[in-house]
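Here the structure comes first, spelled out in C-alpha cells, and everything after it is commentary.
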Amino acid sequence: MSLWKPDPTFYPTPRDAAAAPAEKLAYVAAFDRSASRPDAIAVLDTDPDSPAYGTVVGWTDLPFVGDELHHFGWNACSSALCPNAPHPHVERRYLIVPGLRSSRIYVLDTKDVVSPQVVKVIEGEELAKRAGYSRPHTVHCGPEGLYVSALGGANGEDGPGGIALLDHTTFEVLGQWEHDRGSQYLAYDFWWHINHDVLVTSEWGTPSMVEDGVVGELLLGRKYGHRLHFWDLRKRRHVQEVDLGDQYQMPLELRPAHDPTKTYGFVGVVTSVEDLSASIWVWHKDGKQWAVRKVVDIPAEPAPAEKLPPILQPFGAVPPLVTDIDLSVDDSTLYVSCWGTGELKRFDVTDPFNPVETGSLRIGGIVGRAEHPAAPGVPLAGGPQMVEVSRDGRRVYVSNSLYGSWDDQFYPDGVGAWLAKIDSDPAGGTFSFDERFFPNGDDFRGLRPHQTRLQGGDASSDSYCFP
C-alpha cells in the first residue's frame with residue numbers, strides 16, 4: 001500500500017481536484033431489506049465512451065447478512081497531504097464500508113477496480129470493546145487515521161454515539177476519538193475545518209430511536225437531534241453546542257466549505273414539527289463563537305390523505321424530507337435532496353448566506369411518482385436521496401433508498417431500486433437527466449441502492465489543506 005510518491009488522486013487544493021480527469025467508475029452500496037441475503041457493492045460504468053456506460057459492470061457480495069450498508073468511504077484521500085498529519089505514501093485503494101444494523105465494518109480492496117475483494121471484517125464486538133460504540137454510520141479519511149461515526153454506545157441500543165478512530169494501514173480499531181464529549185450524546189454526521197483544528201458533528205438519534213423508523217411520539221415530542229456540536233480537532237475536546245431550536249428535528253448531513261481558509265458549512269434539517277417544512281442552515285464563526293443561520297426554507301406540499309402513507313395522513317401534506325445535501329468542490333453550488341416530494345434542488349451558494357435556486361428536477365416522490373425520461377410511463381417510488389457530485393461539478397448521481405425502515409414507512413407499497421445521473425452546468429444553466437444512465441430494478445439484483453462513491457474521489461470524500 002506504500003508508494004514512492006503521492007497517489008495521483010490526492011490533490012493539494014480543491015482547484016486541482018476539480019481539474020482532474022473524470023471518474024470512469026462508481027461504487028454503490030446496496031442492501032437487502034429482508035436481511036436474508038448479503039448486501040453488496042455494485043460497480044457502475046460511468047465512462048460515456050464505454051459500450052457498458054450506465055450499467056452494472058461489477059458486483060461484490062459481502063460474506064454475511066443483515067448489515068444494511070450505509071455511508072462508506074475511502075481509506076485515504078487528499079487530506080493525506082496535510083502537513084499537520086501527513087500520510088503521503090498511502091494510496092486511495094480500500095473502501096471502508098459500515099453495516100448500520102450489524103455494526104460490522106468491511107474493508108474492500110479495489111485493486112481489481114470492478115471486482116472489489118473483502119480483505120478484512122471488523123466485527124461489532126471489536127468496535128464495542130475497543131471504542132465503546134455500535135451502529136457505524138459514516139466514514140471519512142482524515143488526520144491521524146480513519147474516522148467512523150457511530151449512532152450507539154457499546155450495547156447497541158442507547159447512546160452516547162460518537163466517533164471511532166481506525167488505523168490508516170492496518171484498519172485496526174484504535175479507540176474512541178473523543179477525549180471530552182461535554183454535552184454531546186446523540187450522533188450522526190461529522191466533518192471538519194482541518195486548518196482551523198475544528199470538527200463539527202450533527203445529531204439524529206440513538207439506535208433504539210431510529211431503527212424501526214420515525215417514531216411519531218418522539219418526533220412530535222421534539223426528542224430527535226436538533227443541535228450541532230463544535231470540537232477542538234487536535235485536542236478531541238467538545239468546545240460548543242449550538243441549538244437550532246427543538247422544532248427543527250434531525251439536522252443530518254454536514255457539508256463544510258472545501259476551501260480550507262473558510263470556516264462555514266451547510267447542514268440540512270429533515271423537518272420542522274411546526275409545518276413539516278425542511279430547511280438548510282449555515283454554520284459560521286461569529287466573533288470567537290460558532291453560530292448557525294437558516295438560509296433556505298422548503299415548504300411541505302398539500303396532498304389528499306388517501307394518497308399518503310399512514311404516517312402522513314393526519315397532516316394532509318408531503319414533507320420535503322431533506323435527507324442529503326452535497327456541495328460542489330468549488331463551493332459554488334449546493335444540491336439538496338427532497339426525498340419526500342421527489343425533488344432535487346440546485347442552489348447557487350457563492351454567497352452562502354443568500355442561496356439562489358438555479359434548478360429543480362422531479363423524480364419519484366411519495367405522491368408525485370415522477371418518471372425518468374429513459375423510462376416513460378413507469379412511475380417511480382423513492383426520490384432523490386443520497387446525492388454525490390463529481391469533482392468538476394458537472395455530474396450528479398442520485399440514488400433512491402434512504403434507510404430500510406424509513407423506506408417502508410414513507411413508501412409502504414415498495415421503494416423500488418434506481419440510480420440516476422444528472423448533467424449539471426451551473427454556469428450555463430444545464431440541469432437535466434442523462435437518458436443513457438439509469439440503472440434500475442433488476443440491475444440491482446433485488447437490493448436497494450443507497451450511497452455512491454466515485455473512483456478517484458468526489459465532492460464529499462476529500463478535504464484539502466491548501467486553498
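We name chains A, B, ... following the order of the C-alpha cells; residues begin at 1 in each chain, and ligands are numbered from 1 as shown.
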
DSSP helix (DSSP H, G or I) residues within region 101-136 of chain A, as a tab-separated table (two decimals) with N, CA, C and O atoms, in the first residue's frame:
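Okay, this is what ended up in out-v5.tsv:
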chain	number	residue	atom	x	y	z
A	124	GLY	N	-18.72	-6.26	15.13
A	124	GLY	CA	-19.30	-5.30	16.05
A	124	GLY	C	-18.76	-5.41	17.46
A	124	GLY	O	-18.61	-4.41	18.17
A	125	GLU	N	-18.41	-6.63	17.87
A	125	GLU	CA	-17.88	-6.83	19.22
A	125	GLU	C	-16.55	-6.11	19.40
A	125	GLU	O	-16.26	-5.57	20.47
A	126	GLU	N	-15.74	-6.11	18.33
A	126	GLU	CA	-14.45	-5.42	18.42
A	126	GLU	C	-14.64	-3.91	18.49
A	126	GLU	O	-13.96	-3.22	19.26
A	127	LEU	N	-15.57	-3.38	17.69
A	127	LEU	CA	-15.86	-1.95	17.73
A	127	LEU	C	-16.34	-1.56	19.11
A	127	LEU	O	-15.93	-0.52	19.67
A	128	ALA	N	-17.21	-2.37	19.71
A	128	ALA	CA	-17.73	-2.06	21.05
A	128	ALA	C	-16.64	-2.15	22.11
A	128	ALA	O	-16.54	-1.29	23.00
A	129	LYS	N	-15.81	-3.17	22.01
A	129	LYS	CA	-14.77	-3.38	23.02
A	129	LYS	C	-13.70	-2.31	22.98
A	129	LYS	O	-13.28	-1.78	24.01
A	130	ARG	N	-13.26	-1.95	21.80
A	130	ARG	CA	-12.12	-1.05	21.68
A	130	ARG	C	-12.51	0.43	21.64
A	130	ARG	O	-11.72	1.29	22.03
A	131	ALA	N	-13.73	0.73	21.16
A	131	ALA	CA	-14.13	2.14	21.06
A	131	ALA	C	-15.38	2.47	21.86
A	131	ALA	O	-15.70	3.64	22.05

Which of region 199-430 of chain A fall in strand (DSSP E), as JSON, numbers by chain: {"A": [199, 200, 201, 227, 228, 229, 230, 231, 232, 237, 238, 239, 240, 241, 242, 243, 248, 249, 250, 251, 252, 253, 254, 255, 256, 264, 265, 266, 267, 268, 269, 270, 271, 272, 278, 279, 280, 281, 282, 283, 284, 285, 286, 289, 290, 291, 292, 293, 294, 295, 296, 297, 298, 301, 302, 317, 318, 322, 323, 324, 325, 326, 327, 333, 334, 335, 336, 337, 338, 343, 344, 345, 346, 347, 348, 356, 357, 358, 359, 360, 361, 362, 387, 388, 389, 395, 396, 397, 398, 399, 419, 420, 421, 422, 423, 424, 425, 430]}

- prompt: Pick the closest to Leu220 (chain A) from A:Thr261, A:Thr60, A:Asn155, A:Ser272: which is it, counting only C-alpha atoms?
  reply: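 Of the candidates, the smallest distance to Leu220 (chain A) is held by A:Ser272.
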
- prompt: Quick one: residues within 12 Å of Gly132 (chain A), only C-alpha atoms counted, chain neighbours fewer than 2 positions away excluded, as JSON, numbers by chain?
  reply: {"A": [103, 124, 125, 126, 127, 128, 129, 130, 134, 135, 136, 149, 150, 151, 152, 153, 154, 155, 156, 158, 159, 160, 161, 162, 163, 164, 165, 173, 174, 175, 176, 177, 178]}

Using the selection just defined, write its residues with C-alpha atoms as a compact mmCIF listing (two decimals), in the first residue's frame.
# COMPACT_ATOMS: atom_id res chain seq x y z
CA SER A 103 -22.18 -2.95 13.50
CA GLY A 124 -19.30 -5.30 16.05
CA GLU A 125 -17.88 -6.83 19.22
CA GLU A 126 -14.45 -5.42 18.42
CA LEU A 127 -15.86 -1.95 17.73
CA ALA A 128 -17.73 -2.06 21.05
CA LYS A 129 -14.77 -3.38 23.02
CA ARG A 130 -12.12 -1.05 21.68
CA SER A 134 -22.02 0.41 17.81
CA ARG A 135 -24.02 1.06 14.63
CA PRO A 136 -21.27 2.65 12.49
CA SER A 149 -19.16 7.92 13.29
CA ALA A 150 -21.49 5.62 15.23
CA LEU A 151 -25.05 6.13 16.45
CA GLY A 152 -24.89 3.98 19.56
CA GLY A 153 -22.89 3.03 22.60
CA ALA A 154 -21.46 -0.40 23.24
CA ASN A 155 -24.83 -2.02 23.99
CA GLY A 156 -26.18 -1.28 20.52
CA ASP A 158 -28.58 3.60 23.64
CA GLY A 159 -26.02 6.40 23.47
CA PRO A 160 -23.82 8.15 23.56
CA GLY A 161 -22.89 7.83 19.94
CA GLY A 162 -19.65 9.28 18.70
CA ILE A 163 -16.56 8.68 16.59
CA ALA A 164 -14.19 5.71 16.47
CA LEU A 165 -10.69 6.00 15.05
CA VAL A 173 -9.83 -0.05 15.79
CA LEU A 174 -7.59 2.32 17.76
CA GLY A 175 -10.27 3.52 20.15
CA GLN A 176 -12.75 6.26 20.90
CA TRP A 177 -11.88 9.60 19.34
CA GLU A 178 -13.49 11.88 21.95

message: Set the distance at 6 Å and use only C-alpha atoms: which residues neighbour Thr333 (chain A) once local chain neighbours fewer than 6 positions away are removed? I'd like the list as a ChimeraX atom specification.
response: /A:327,347-349

Please write the residues from the selection above to a file, keeping N, CA, C and O atoms, as an mmCIF file, in the first residue's frame.
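Below is the file that was written, selection_24.cif:
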data_model
loop_
_atom_site.group_PDB
_atom_site.id
_atom_site.type_symbol
_atom_site.label_atom_id
_atom_site.label_comp_id
_atom_site.auth_asym_id
_atom_site.auth_seq_id
_atom_site.Cartn_x
_atom_site.Cartn_y
_atom_site.Cartn_z
ATOM 1 N N LEU A 327 -22.170 19.664 -1.598
ATOM 2 C CA LEU A 327 -21.592 20.941 -2.005
ATOM 3 C C LEU A 327 -20.504 20.689 -3.033
ATOM 4 O O LEU A 327 -19.600 19.875 -2.815
ATOM 5 N N PHE A 347 -28.800 25.063 -5.864
ATOM 6 C CA PHE A 347 -28.683 26.441 -5.403
ATOM 7 C C PHE A 347 -27.292 26.990 -5.707
ATOM 8 O O PHE A 347 -26.285 26.289 -5.532
ATOM 9 N N ASP A 348 -27.253 28.233 -6.148
ATOM 10 C CA ASP A 348 -26.003 28.978 -6.208
ATOM 11 C C ASP A 348 -25.720 29.488 -4.798
ATOM 12 O O ASP A 348 -26.495 30.256 -4.234
ATOM 13 N N VAL A 349 -24.610 29.018 -4.211
ATOM 14 C CA VAL A 349 -24.263 29.424 -2.847
ATOM 15 C C VAL A 349 -22.930 30.165 -2.837
ATOM 16 O O VAL A 349 -22.167 30.078 -1.869
#

message: Taking only C-alpha atoms into account, name the residue in A:Arg369, A:Arg104, A:Arg15, A:His137 that is nearest to Ala187 (chain A).
response: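 Closest residue, counting only C-alpha atoms: A:His137.
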
- request: Can you pull out every residue within 6 Å of region 384-391 of chain A, counting only C-alpha atoms, but drop anything in the same chain fewer than 3 positions away, and send it as a PyMOL selection string?
  value: chain A and resi 18+324+329+337+339+342+395-400+451+458-459

field: Long-range neighbours of Thr138 (chain A) as a list of chain:residue names, 10 Å cut-off, only C-alpha atoms, 2 positions minimum in chain
entry: A:His70, A:His71, A:Phe72, A:Gly73, A:Ile96, A:Val97, A:Pro98, A:Gly99, A:Leu100, A:Arg135, A:Pro136, A:His140, A:Tyr147, A:Val148, A:Ser149, A:Ala150, A:Leu151, A:Ile163, A:Tyr188, A:Asp189, A:Phe190

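Between CA of Gly382 (chain A) and CA of Thr271 (chain A) there is a distance of 17.4 Å.
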
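Distance check against Ile298 (chain A) using only C-alpha atoms: of A:Val336, A:Ile122, A:Val415, A:Ala374, the minimum falls on A:Val336.
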